[in-house]
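This is input_4.cif (mmCIF, C-alpha atoms (C1' of nucleotides)).
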```cif
data_entry
#
loop_
_atom_site.label_atom_id
_atom_site.label_comp_id
_atom_site.auth_asym_id
_atom_site.auth_seq_id
_atom_site.Cartn_x
_atom_site.Cartn_y
_atom_site.Cartn_z
CA MET A 1 -70.09 -59.59 6.23
CA SER A 2 -68.63 -56.36 7.32
CA THR A 3 -71.60 -54.06 7.29
CA GLU A 4 -70.51 -52.74 10.67
CA ARG A 5 -69.21 -49.41 9.51
CA PRO A 6 -71.89 -46.95 8.47
CA GLY A 7 -71.19 -45.15 5.22
CA PHE A 8 -72.24 -41.73 6.42
CA ALA A 9 -69.15 -41.45 8.64
CA LEU A 10 -66.82 -41.32 5.67
CA PRO A 11 -67.79 -37.89 4.32
CA LEU A 12 -67.89 -36.43 7.81
CA LEU A 13 -64.43 -37.77 8.57
CA LEU A 14 -63.00 -36.45 5.32
CA LEU A 15 -64.51 -33.05 5.95
CA ALA A 16 -63.32 -33.07 9.55
CA GLY A 17 -59.82 -33.93 8.36
CA PHE A 18 -59.88 -31.05 5.92
CA GLN A 19 -61.21 -28.65 8.54
CA THR A 20 -58.60 -29.79 11.04
CA LEU A 21 -55.79 -29.10 8.60
CA VAL A 22 -57.09 -25.72 7.51
CA ASP A 23 -57.80 -24.67 11.09
CA ALA A 24 -54.26 -25.61 12.07
CA LEU A 25 -52.89 -23.78 9.05
CA HIS A 26 -54.62 -20.55 9.96
CA GLU A 27 -53.65 -20.88 13.59
CA ASP A 28 -50.02 -21.01 12.54
CA LEU A 29 -50.47 -18.31 9.91
CA ALA A 30 -51.94 -16.01 12.53
CA GLU A 31 -48.78 -16.41 14.60
CA GLN A 32 -46.64 -15.70 11.56
CA GLY A 33 -47.98 -12.32 10.63
CA HIS A 34 -51.12 -13.28 8.76
CA PRO A 35 -53.85 -13.10 11.40
CA GLU A 36 -56.49 -11.89 8.97
CA ALA A 37 -55.93 -14.54 6.30
CA ARG A 38 -58.99 -16.66 5.63
CA PRO A 39 -59.31 -20.03 3.89
CA MET A 40 -60.67 -18.40 0.77
CA HIS A 41 -57.63 -16.16 0.45
CA GLY A 42 -55.28 -19.10 0.16
CA PHE A 43 -57.41 -20.82 -2.46
CA ALA A 44 -57.81 -17.73 -4.57
CA LEU A 45 -54.18 -16.67 -4.22
CA GLN A 46 -53.08 -20.14 -5.25
CA ALA A 47 -55.27 -19.80 -8.31
CA VAL A 48 -53.83 -16.36 -9.11
CA GLY A 49 -50.39 -17.91 -9.48
CA GLU A 50 -47.81 -15.56 -10.95
CA GLY A 51 -50.38 -13.31 -12.56
CA THR A 52 -53.84 -13.59 -14.08
CA THR A 53 -56.89 -11.64 -15.09
CA ALA A 54 -60.29 -11.67 -13.45
CA ALA A 55 -61.84 -13.69 -16.25
CA GLU A 56 -59.08 -16.30 -16.16
CA LEU A 57 -59.24 -16.53 -12.37
CA GLY A 58 -62.96 -17.10 -12.65
CA ARG A 59 -62.38 -20.00 -15.00
CA ARG A 60 -59.78 -21.50 -12.69
CA LEU A 61 -62.02 -21.24 -9.64
CA GLY A 62 -65.12 -22.32 -11.51
CA VAL A 63 -67.01 -19.09 -10.86
CA THR A 64 -68.12 -16.18 -13.02
CA LYS A 65 -65.70 -13.39 -13.80
CA GLN A 66 -67.85 -11.03 -11.73
CA ALA A 67 -67.39 -13.23 -8.69
CA ALA A 68 -63.69 -13.45 -9.39
CA ALA A 69 -63.50 -9.67 -9.64
CA LYS A 70 -65.06 -9.34 -6.18
CA THR A 71 -62.63 -11.89 -4.80
CA ILE A 72 -59.75 -9.95 -6.32
CA ALA A 73 -61.06 -6.78 -4.71
CA ALA A 74 -61.13 -8.50 -1.32
CA LEU A 75 -57.64 -9.90 -1.88
CA GLY A 76 -56.45 -6.43 -2.84
CA THR A 77 -57.93 -4.85 0.28
CA ALA A 78 -56.11 -7.46 2.35
CA GLY A 79 -52.89 -6.51 0.59
CA TYR A 80 -52.29 -9.86 -1.03
CA VAL A 81 -52.56 -8.84 -4.69
CA GLU A 82 -52.08 -5.73 -6.81
CA ARG A 83 -53.51 -4.82 -10.19
CA ALA A 84 -51.64 -3.46 -13.19
CA ALA A 85 -52.60 -2.61 -16.76
CA ASP A 86 -51.43 -5.03 -19.42
CA PRO A 87 -49.35 -3.10 -22.01
CA THR A 88 -50.03 -5.72 -24.68
CA ASP A 89 -53.81 -5.71 -24.30
CA ALA A 90 -55.63 -2.60 -23.19
CA ARG A 91 -58.69 -4.57 -22.12
CA ARG A 92 -56.84 -6.66 -19.57
CA VAL A 93 -55.94 -5.81 -16.01
CA VAL A 94 -53.36 -8.21 -14.64
CA VAL A 95 -53.55 -9.30 -11.03
CA ARG A 96 -50.29 -10.28 -9.36
CA PRO A 97 -49.50 -11.38 -5.81
CA THR A 98 -47.68 -8.80 -3.74
CA ALA A 99 -44.61 -9.65 -1.68
CA ARG A 100 -47.01 -10.17 1.21
CA GLY A 101 -49.12 -12.47 -0.93
CA ARG A 102 -46.09 -14.53 -1.89
CA ASP A 103 -45.13 -14.67 1.77
CA LEU A 104 -48.55 -16.04 2.61
CA LEU A 105 -48.25 -18.77 0.00
CA ALA A 106 -44.71 -19.72 1.01
CA ARG A 107 -45.65 -19.92 4.67
CA SER A 108 -48.78 -21.92 3.85
CA ALA A 109 -46.75 -24.46 1.91
CA ALA A 110 -44.25 -24.80 4.75
CA ILE A 111 -46.99 -25.16 7.34
CA PHE A 112 -48.80 -27.80 5.28
CA ASP A 113 -45.54 -29.74 4.99
CA ASP A 114 -45.17 -29.53 8.75
CA LEU A 115 -48.77 -30.62 9.30
CA ARG A 116 -48.24 -33.63 7.07
CA ALA A 117 -45.15 -34.51 9.09
CA ARG A 118 -47.23 -34.32 12.26
CA TRP A 119 -49.77 -36.71 10.75
CA VAL A 120 -46.93 -39.06 9.81
CA ARG A 121 -45.67 -39.02 13.39
CA GLU A 122 -49.15 -39.79 14.74
CA LEU A 123 -50.40 -42.20 12.12
CA GLY A 124 -47.29 -43.51 10.41
CA GLU A 125 -46.04 -42.85 6.91
CA ASP A 126 -47.96 -45.85 5.59
CA ALA A 127 -51.34 -44.60 6.73
CA VAL A 128 -50.79 -41.13 5.32
CA ARG A 129 -49.59 -42.53 2.00
CA THR A 130 -52.61 -44.83 1.94
CA ILE A 131 -54.92 -41.86 2.42
CA GLU A 132 -53.18 -39.86 -0.29
CA ASP A 133 -53.05 -42.73 -2.76
CA ALA A 134 -56.62 -43.85 -2.16
CA LEU A 135 -58.12 -40.37 -2.42
CA GLY A 136 -55.95 -39.59 -5.41
CA ARG A 137 -57.29 -42.64 -7.22
CA ILE A 138 -60.92 -42.08 -6.35
CA THR A 139 -61.29 -38.36 -6.77
CA SER A 140 -59.56 -37.88 -10.10
CA GLY A 141 -57.53 -35.02 -8.73
CA PRO A 142 -58.17 -32.17 -6.30
CA ARG A 143 -60.44 -29.34 -7.31
CA LEU A 144 -59.75 -25.71 -6.64
CA ASP A 145 -63.31 -24.46 -6.66
CA ALA A 146 -63.88 -25.15 -2.99
CA PRO A 147 -65.14 -21.86 -1.58
CA SER A 148 -68.20 -21.65 -3.76
CA TRP A 149 -68.95 -25.32 -3.80
CA PHE A 150 -71.13 -25.75 -0.76
CA THR A 151 -74.16 -23.65 -1.42
CA ARG A 152 -74.40 -24.93 -4.96
CA MET B 1 -35.70 -38.67 3.93
CA SER B 2 -39.14 -38.83 2.44
CA THR B 3 -39.93 -35.20 1.84
CA GLU B 4 -41.18 -36.11 -1.60
CA ARG B 5 -44.86 -35.62 -0.92
CA PRO B 6 -45.91 -32.01 -0.56
CA GLY B 7 -48.14 -31.33 2.40
CA PHE B 8 -50.55 -29.08 0.56
CA ALA B 9 -51.99 -32.04 -1.35
CA LEU B 10 -53.48 -33.58 1.77
CA PRO B 11 -56.19 -30.98 2.45
CA LEU B 12 -57.10 -30.82 -1.23
CA LEU B 13 -57.42 -34.59 -1.43
CA LEU B 14 -59.56 -34.75 1.70
CA LEU B 15 -61.82 -32.03 0.38
CA ALA B 16 -61.99 -33.67 -3.03
CA GLY B 17 -62.95 -36.94 -1.39
CA PHE B 18 -65.70 -35.23 0.54
CA GLN B 19 -66.97 -33.44 -2.55
CA THR B 20 -66.89 -36.65 -4.56
CA LEU B 21 -69.04 -38.43 -2.00
CA VAL B 22 -71.53 -35.63 -1.61
CA ASP B 23 -71.79 -35.14 -5.36
CA ALA B 24 -72.49 -38.83 -5.82
CA LEU B 25 -75.02 -38.75 -3.00
CA HIS B 26 -77.01 -35.96 -4.60
CA GLU B 27 -76.80 -37.57 -8.00
CA ASP B 28 -78.47 -40.66 -6.56
CA LEU B 29 -80.89 -38.63 -4.45
CA ALA B 30 -82.00 -36.76 -7.56
CA GLU B 31 -82.90 -40.09 -9.17
CA GLN B 32 -84.81 -41.16 -6.08
CA GLY B 33 -87.27 -38.33 -5.86
CA HIS B 34 -85.14 -35.64 -4.21
CA PRO B 35 -83.80 -33.63 -7.14
CA GLU B 36 -83.88 -30.35 -5.26
CA ALA B 37 -82.04 -31.56 -2.15
CA ARG B 38 -78.83 -29.67 -1.48
CA PRO B 39 -75.88 -30.57 0.74
CA MET B 40 -77.01 -28.11 3.37
CA HIS B 41 -80.40 -29.77 3.67
CA GLY B 42 -78.93 -33.09 4.73
CA PHE B 43 -76.68 -31.50 7.31
CA ALA B 44 -79.42 -29.40 8.82
CA LEU B 45 -81.99 -32.18 8.74
CA GLN B 46 -79.53 -34.49 10.45
CA ALA B 47 -79.12 -31.84 13.13
CA VAL B 48 -82.88 -31.44 13.50
CA GLY B 49 -83.16 -35.08 14.54
CA GLU B 50 -86.55 -36.03 15.89
CA GLY B 51 -87.49 -32.48 16.78
CA THR B 52 -85.80 -29.26 17.88
CA THR B 53 -86.19 -25.54 18.15
CA ALA B 54 -84.42 -22.88 16.13
CA ALA B 55 -82.21 -21.88 19.05
CA GLU B 56 -81.18 -25.46 19.75
CA LEU B 57 -80.54 -26.14 16.07
CA GLY B 58 -78.35 -23.07 15.98
CA ARG B 59 -76.28 -24.43 18.84
CA ARG B 60 -75.93 -27.81 17.16
CA LEU B 61 -74.85 -26.29 13.86
CA GLY B 62 -72.64 -23.69 15.46
CA VAL B 63 -74.54 -20.72 14.05
CA THR B 64 -76.79 -18.04 15.50
CA LYS B 65 -80.43 -18.79 16.11
CA GLN B 66 -81.32 -16.25 13.42
CA ALA B 67 -79.32 -18.18 10.86
CA ALA B 68 -80.89 -21.41 12.08
CA ALA B 69 -84.34 -19.87 11.71
CA LYS B 70 -83.58 -19.00 8.09
CA THR B 71 -82.33 -22.53 7.46
CA ILE B 72 -85.53 -23.92 8.96
CA ALA B 73 -87.55 -21.67 6.70
CA ALA B 74 -85.69 -23.00 3.66
CA LEU B 75 -86.13 -26.57 4.86
CA GLY B 76 -89.82 -25.91 5.37
CA THR B 77 -90.22 -24.48 1.88
CA ALA B 78 -88.58 -27.62 0.50
CA GLY B 79 -91.07 -29.70 2.45
CA TYR B 80 -88.56 -31.43 4.68
CA VAL B 81 -89.68 -30.05 8.05
CA GLU B 82 -92.83 -28.72 9.64
CA ARG B 83 -93.30 -26.42 12.61
CA ALA B 84 -95.66 -26.88 15.53
CA ALA B 85 -96.32 -25.00 18.74
CA ASP B 86 -95.00 -26.57 21.92
CA PRO B 87 -97.92 -27.02 24.36
CA THR B 88 -95.57 -27.07 27.35
CA ASP B 89 -93.76 -23.83 26.50
CA ALA B 90 -95.55 -21.09 24.61
CA ARG B 91 -92.27 -19.49 23.52
CA ARG B 92 -91.05 -22.54 21.65
CA VAL B 93 -91.87 -23.63 18.13
CA VAL B 94 -90.83 -27.21 17.55
CA VAL B 95 -89.41 -28.21 14.19
CA ARG B 96 -89.90 -31.83 13.12
CA PRO B 97 -88.96 -33.66 9.95
CA THR B 98 -91.87 -34.50 7.68
CA ALA B 99 -92.32 -37.96 6.16
CA ARG B 100 -90.49 -36.59 3.14
CA GLY B 101 -87.69 -35.37 5.38
CA ARG B 102 -87.35 -38.78 7.00
CA ASP B 103 -87.34 -40.33 3.55
CA LEU B 104 -84.46 -38.06 2.56
CA LEU B 105 -82.44 -39.08 5.61
CA ALA B 106 -83.14 -42.79 5.15
CA ARG B 107 -82.17 -42.69 1.48
CA SER B 108 -79.06 -40.66 2.27
CA ALA B 109 -77.92 -43.25 4.79
CA ALA B 110 -78.51 -46.09 2.32
CA ILE B 111 -76.68 -44.26 -0.46
CA PHE B 112 -73.72 -43.49 1.78
CA ASP B 113 -73.52 -47.16 2.71
CA ASP B 114 -73.53 -48.02 -0.97
CA LEU B 115 -70.86 -45.41 -1.70
CA ARG B 116 -68.65 -46.84 1.00
CA ALA B 117 -69.11 -50.29 -0.53
CA ARG B 118 -68.01 -48.87 -3.87
CA TRP B 119 -64.88 -47.44 -2.27
CA VAL B 120 -64.20 -50.82 -0.70
CA ARG B 121 -64.46 -52.50 -4.10
CA GLU B 122 -62.08 -49.98 -5.64
CA LEU B 123 -59.61 -49.52 -2.82
CA GLY B 124 -60.02 -52.56 -0.62
CA GLU B 125 -61.52 -52.80 2.84
CA ASP B 126 -58.12 -52.21 4.42
CA ALA B 127 -57.56 -48.85 2.76
CA VAL B 128 -61.03 -47.60 3.64
CA ARG B 129 -60.65 -48.72 7.25
CA THR B 130 -57.25 -47.07 7.39
CA ILE B 131 -58.76 -43.81 6.20
CA GLU B 132 -61.60 -44.01 8.73
CA ASP B 133 -59.36 -45.00 11.62
CA ALA B 134 -56.69 -42.44 10.86
CA LEU B 135 -59.10 -39.55 10.42
CA GLY B 136 -61.08 -40.64 13.45
CA ARG B 137 -57.95 -40.52 15.57
CA ILE B 138 -56.72 -37.20 14.28
CA THR B 139 -59.86 -35.17 14.06
CA SER B 140 -61.44 -35.87 17.42
CA GLY B 141 -64.77 -36.58 15.84
CA PRO B 142 -66.76 -35.19 12.93
CA ARG B 143 -68.30 -31.76 13.18
CA LEU B 144 -71.75 -30.86 12.01
CA ASP B 145 -71.20 -27.18 11.42
CA ALA B 146 -69.96 -27.65 7.88
CA PRO B 147 -72.15 -25.36 5.81
CA SER B 148 -71.19 -22.18 7.58
CA TRP B 149 -67.62 -23.13 8.17
CA PHE B 150 -65.97 -21.97 5.00
CA THR B 151 -66.48 -18.26 4.94
CA ARG B 152 -65.52 -17.97 8.57
"C1'" DA C 1 -58.87 -2.30 -44.66
"C1'" DC C 2 -63.03 -3.39 -42.64
"C1'" DC C 3 -66.53 -5.31 -40.14
"C1'" DA C 4 -68.51 -9.18 -37.37
"C1'" DT C 5 -67.46 -11.46 -33.44
"C1'" DA C 6 -65.45 -12.53 -29.16
"C1'" DT C 7 -63.33 -11.09 -24.93
"C1'" DC C 8 -62.26 -7.98 -21.06
"C1'" DG C 9 -63.63 -5.32 -17.10
"C1'" DA C 10 -67.22 -2.71 -14.93
"C1'" DC C 11 -71.83 -1.87 -13.13
"C1'" DA C 12 -76.51 -2.97 -11.44
"C1'" DA C 13 -79.85 -5.87 -9.50
"C1'" DC C 14 -80.69 -9.81 -7.16
"C1'" DC C 15 -80.29 -14.19 -4.13
"C1'" DA C 16 -78.48 -16.92 -0.30
"C1'" DT C 17 -76.39 -17.39 4.01
"C1'" DG C 18 -74.33 -15.66 7.54
"C1'" DT C 19 -73.73 -11.75 11.20
"C1'" DT C 20 -75.33 -7.94 15.30
"C1'" DG C 21 -78.61 -5.70 17.59
"C1'" DT C 22 -83.22 -5.07 19.29
"C1'" DC C 23 -87.67 -6.34 20.78
"C1'" DG C 24 -91.94 -8.33 23.12
"C1'" DA C 25 -93.55 -12.42 25.02
"C1'" DG C 26 -93.12 -16.21 28.12
"C1'" DC C 27 -90.61 -19.21 31.59
"C1'" DT C 28 -87.96 -19.62 36.02
"C1'" DT C 29 -86.05 -18.57 40.16
"C1'" DA C 30 -84.62 -15.85 44.12
"C1'" DT D 1 -93.81 -10.61 42.50
"C1'" DA D 2 -89.91 -8.90 40.31
"C1'" DA D 3 -85.43 -9.94 37.96
"C1'" DG D 4 -83.41 -12.27 34.65
"C1'" DC D 5 -82.96 -15.58 31.13
"C1'" DT D 6 -84.63 -17.79 26.84
"C1'" DC D 7 -87.54 -18.00 22.75
"C1'" DG D 8 -88.78 -16.41 18.15
"C1'" DA D 9 -89.16 -12.45 15.14
"C1'" DC D 10 -87.59 -8.38 12.68
"C1'" DA D 11 -84.29 -5.01 10.74
"C1'" DA D 12 -79.91 -3.74 8.93
"C1'" DC D 13 -75.85 -5.18 7.11
"C1'" DA D 14 -71.59 -8.09 5.06
"C1'" DT D 15 -70.03 -11.42 1.93
"C1'" DG D 16 -69.89 -14.18 -2.05
"C1'" DG D 17 -72.36 -15.99 -5.46
"C1'" DT D 18 -75.58 -15.26 -9.78
"C1'" DT D 19 -77.62 -12.91 -14.55
"C1'" DG D 20 -77.77 -9.40 -17.53
"C1'" DT D 21 -75.97 -5.37 -19.72
"C1'" DC D 22 -72.60 -2.22 -21.37
"C1'" DG D 23 -68.53 0.22 -23.69
"C1'" DA D 24 -63.93 -0.60 -25.03
"C1'" DT D 25 -60.60 -3.41 -27.28
"C1'" DA D 26 -58.66 -7.47 -29.94
"C1'" DT D 27 -58.99 -10.62 -33.57
"C1'" DG D 28 -60.03 -13.11 -37.70
"C1'" DG D 29 -62.45 -13.61 -42.19
"C1'" DT D 30 -63.69 -11.41 -46.41
#
```

Please rewrite the model in this file as structure tokens.
Amino acid sequence: MSTERPGFALPLLLLAGFQTLVDALHEDLAEQGHPEARPMHGFALQAVGEGTTAAELGRRLGVTKQAAAKTIAALGTAGYVERAADPTDARRVVVRPTARGRDLLARSAAIFDDLRARWVRELGEDAVRTIEDALGRITSGPRLDAPSWFTR
Amino acid sequence: MSTERPGFALPLLLLAGFQTLVDALHEDLAEQGHPEARPMHGFALQAVGEGTTAAELGRRLGVTKQAAAKTIAALGTAGYVERAADPTDARRVVVRPTARGRDLLARSAAIFDDLRARWVRELGEDAVRTIEDALGRITSGPRLDAPSWFTR
DNA sequence: ACCATATCGACAACCATGTTGTCGAGCTTA
DNA sequence: TAAGCTCGACAACATGGTTGTCGATATGGT
């Protein structure tokens, strides 16, 4: 048999891999003019997309609209989003990324591409593809509700 | 070139894999007499080991001793640990897992082994080993300070 | 055209988990 | 023995989540 490998290592390794990537991301982001960006910012900003409302953002992140509203407030304080009234619906307040917010997202994407390339250099394209394919098959797609997930 | 695969998928897949495993763990734990166990409990209990103090637990988890003390209080309320005075050092209060706490850890280990076996059936032993080996090489070992890590 | 219903954003109260800072009590060592 | 470190406790606060409530605004059925 091959009972050698204990199962509990798997989740720890996956989490460590995630943490390693996000740590590296924010290290690079800090050097590129975003020293105060935090993991949550990226997630939420990604979910904001080209413009949303608090209620819709809440649905995307899997949290209540009140929680989303607080997140938006934090994102606004950090200068990553701005709010504007919706002319077609007086109830809605649309949240859009600022130029700085779009810069954060663009740099994040570039850094993640670079990080993947580093993994390919260290592990080989095959190993990285294996990881991506295997996790893609097992997890039925990535979820965006990460920040809140842990204390659940 | 092979720029096809965007780098941002990697962290999301790793996180999704972690979440999938932990979700499955707690689904099974709930059926085995631990319905109120939460991810944090397992992490902290693992860090408690055979007996520790709040300050030491804080160091292991990478949080302040105050935060560790609150965690211990929660773990105690859930019935997973008990506190006892240390006869050799009147300052210290030793925290030990209860029988129920040890049961939680034993079941968790067994469930994780089972989950790994399921992954092997779905993905093949090679893919799982590749994931473990690759992440082990890149991450320089799993970290135990997961619960607090996100909001940092 | 109107009214019932649903949705939006805001506010309040609360919980959980972390943080600093402070404190008295108890070890340890110079 | 006195200085200094460590332990656990307490208070005050920040953050990010929750429910519950509310007034204002759309929307759809009669």

I'd like the neighbourhood of DC8 (chain C) as a PyMOL selection string, where a residue qualifies if any of its atoms comes within 10 Å (using all atoms listed in the file), though same-chain residues fewer than 4 positions away should be ignored. (chain A and resi 53-55+65+89-93) or (chain D and resi 24-26)

Quick one: contact table of chain C to chain A, 10 Å max, nearest atom pair and distance in Å to one decimal per residue, counting all atoms listed in the file, chain and number order, as JSON lines?
```
{"residue": "C:DT7", "atom": "C1'", "partner": "A:Arg91", "partner_atom": "CA", "distance": 8.5}
{"residue": "C:DC8", "atom": "C1'", "partner": "A:Arg91", "partner_atom": "CA", "distance": 5.0}
{"residue": "C:DG9", "atom": "C1'", "partner": "A:Arg91", "partner_atom": "CA", "distance": 7.1}
{"residue": "C:DA10", "atom": "C1'", "partner": "A:Gln66", "partner_atom": "CA", "distance": 8.9}
{"residue": "C:DA16", "atom": "C1'", "partner": "A:Thr151", "partner_atom": "CA", "distance": 8.1}
{"residue": "C:DT17", "atom": "C1'", "partner": "A:Thr151", "partner_atom": "CA", "distance": 8.6}
```

Would you write out, as a Markdown table, a table of all residues in chain A that have an atom no more than 7 Å from an atom of chain B, listing for each the closest atom pair and the distance in Å to one decimal, considering all atoms listed in the file and ordering rows by chain and rising residue number?
```
| residue | atom | partner | partner_atom | distance |
| --- | --- | --- | --- | --- |
| A:Pro6 | CA | B:Asp113 | CA | 6.0 |
| A:Gly7 | CA | B:Asp113 | CA | 4.0 |
| A:Phe8 | CA | B:Phe112 | CA | 5.2 |
| A:Leu10 | CA | B:Glu132 | CA | 6.6 |
| A:Pro11 | CA | B:Phe18 | CA | 5.1 |
| A:Leu12 | CA | B:Pro142 | CA | 5.4 |
| A:Leu13 | CA | B:Pro142 | CA | 5.6 |
| A:Leu14 | CA | B:Leu14 | CA | 5.3 |
| A:Leu15 | CA | B:Phe18 | CA | 6.0 |
| A:Ala16 | CA | B:Pro142 | CA | 5.3 |
| A:Gly17 | CA | B:Thr139 | CA | 5.8 |
| A:Phe18 | CA | B:Pro11 | CA | 5.1 |
| A:Thr20 | CA | B:Thr139 | CA | 6.3 |
| A:Leu21 | CA | B:Pro11 | CA | 6.4 |
| A:Ala109 | CA | B:Phe8 | CA | 6.1 |
| A:Phe112 | CA | B:Gly7 | CA | 4.6 |
| A:Asp113 | CA | B:Gly7 | CA | 4.0 |
| A:Leu115 | CA | B:Gly7 | CA | 7.0 |
| A:Arg116 | CA | B:Gly7 | CA | 5.2 |
| A:Leu123 | CA | B:Ala134 | CA | 6.4 |
| A:Ala127 | CA | B:Thr130 | CA | 6.4 |
| A:Thr130 | CA | B:Ala127 | CA | 6.4 |
| A:Ile131 | CA | B:Ile131 | CA | 5.7 |
| A:Glu132 | CA | B:Leu10 | CA | 6.6 |
| A:Ala134 | CA | B:Leu123 | CA | 6.4 |
| A:Leu135 | CA | B:Leu13 | CA | 5.9 |
| A:Gly136 | CA | B:Leu13 | CA | 6.6 |
| A:Thr139 | CA | B:Gly17 | CA | 5.8 |
| A:Pro142 | CA | B:Ala16 | CA | 5.2 |
| A:Arg143 | CA | B:Ala16 | CA | 6.3 |
| A:Pro147 | CA | B:Phe150 | CA | 6.6 |
| A:Phe150 | CA | B:Pro147 | CA | 6.7 |
```

List the residues matched by the PyMOL selection byres ((chain D) within 10 of (chain B)) in the displayed structure as a short mmCIF file (atom, residue, chain, number, x, y, z; two decimals) with C-alpha atoms (C1' of nucleotides), keeping the file's coordinate frame, ordered by chain and then by residue number.
```cif
data_model
loop_
_atom_site.label_atom_id
_atom_site.label_comp_id
_atom_site.auth_asym_id
_atom_site.auth_seq_id
_atom_site.Cartn_x
_atom_site.Cartn_y
_atom_site.Cartn_z
"C1'" DT D 6 -84.63 -17.79 26.84
"C1'" DC D 7 -87.54 -18.00 22.75
"C1'" DG D 8 -88.78 -16.41 18.15
"C1'" DA D 9 -89.16 -12.45 15.14
"C1'" DT D 15 -70.03 -11.42 1.93
"C1'" DG D 16 -69.89 -14.18 -2.05
#
```

To one decimal place, how far is CA of Val81 (chain A) from CA of Gly101 (chain A) in Å? 6.3 Å

Go through the shown structure with the PyMOL selection byres ((chain A and resi 104) around 9) and write out the matching residues as an mmCIF file with C-alpha atoms, keeping the file's coordinate frame.
```
data_model
loop_
_atom_site.group_PDB
_atom_site.id
_atom_site.type_symbol
_atom_site.label_atom_id
_atom_site.label_comp_id
_atom_site.auth_asym_id
_atom_site.auth_seq_id
_atom_site.Cartn_x
_atom_site.Cartn_y
_atom_site.Cartn_z
ATOM 1 C CA LEU A 29 -50.470 -18.310 9.910
ATOM 2 C CA GLY A 33 -47.980 -12.320 10.630
ATOM 3 C CA HIS A 34 -51.120 -13.280 8.760
ATOM 4 C CA ALA A 37 -55.930 -14.540 6.300
ATOM 5 C CA GLY A 42 -55.280 -19.100 0.160
ATOM 6 C CA LEU A 45 -54.180 -16.670 -4.220
ATOM 7 C CA TYR A 80 -52.290 -9.860 -1.030
ATOM 8 C CA ALA A 99 -44.610 -9.650 -1.680
ATOM 9 C CA ARG A 100 -47.010 -10.170 1.210
ATOM 10 C CA GLY A 101 -49.120 -12.470 -0.930
ATOM 11 C CA ARG A 102 -46.090 -14.530 -1.890
ATOM 12 C CA ASP A 103 -45.130 -14.670 1.770
ATOM 13 C CA LEU A 105 -48.250 -18.770 0.000
ATOM 14 C CA ALA A 106 -44.710 -19.720 1.010
ATOM 15 C CA ARG A 107 -45.650 -19.920 4.670
ATOM 16 C CA SER A 108 -48.780 -21.920 3.850
ATOM 17 C CA ALA A 109 -46.750 -24.460 1.910
#
```

What does the structure give for the distance between C1' of DC22 (chain D) and C1' of DC11 (chain C), in Å to one decimal?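 Taking C1' of DC22 (chain D) as the start and C1' of DC11 (chain C) as the end point, the length is 8.3 Å.
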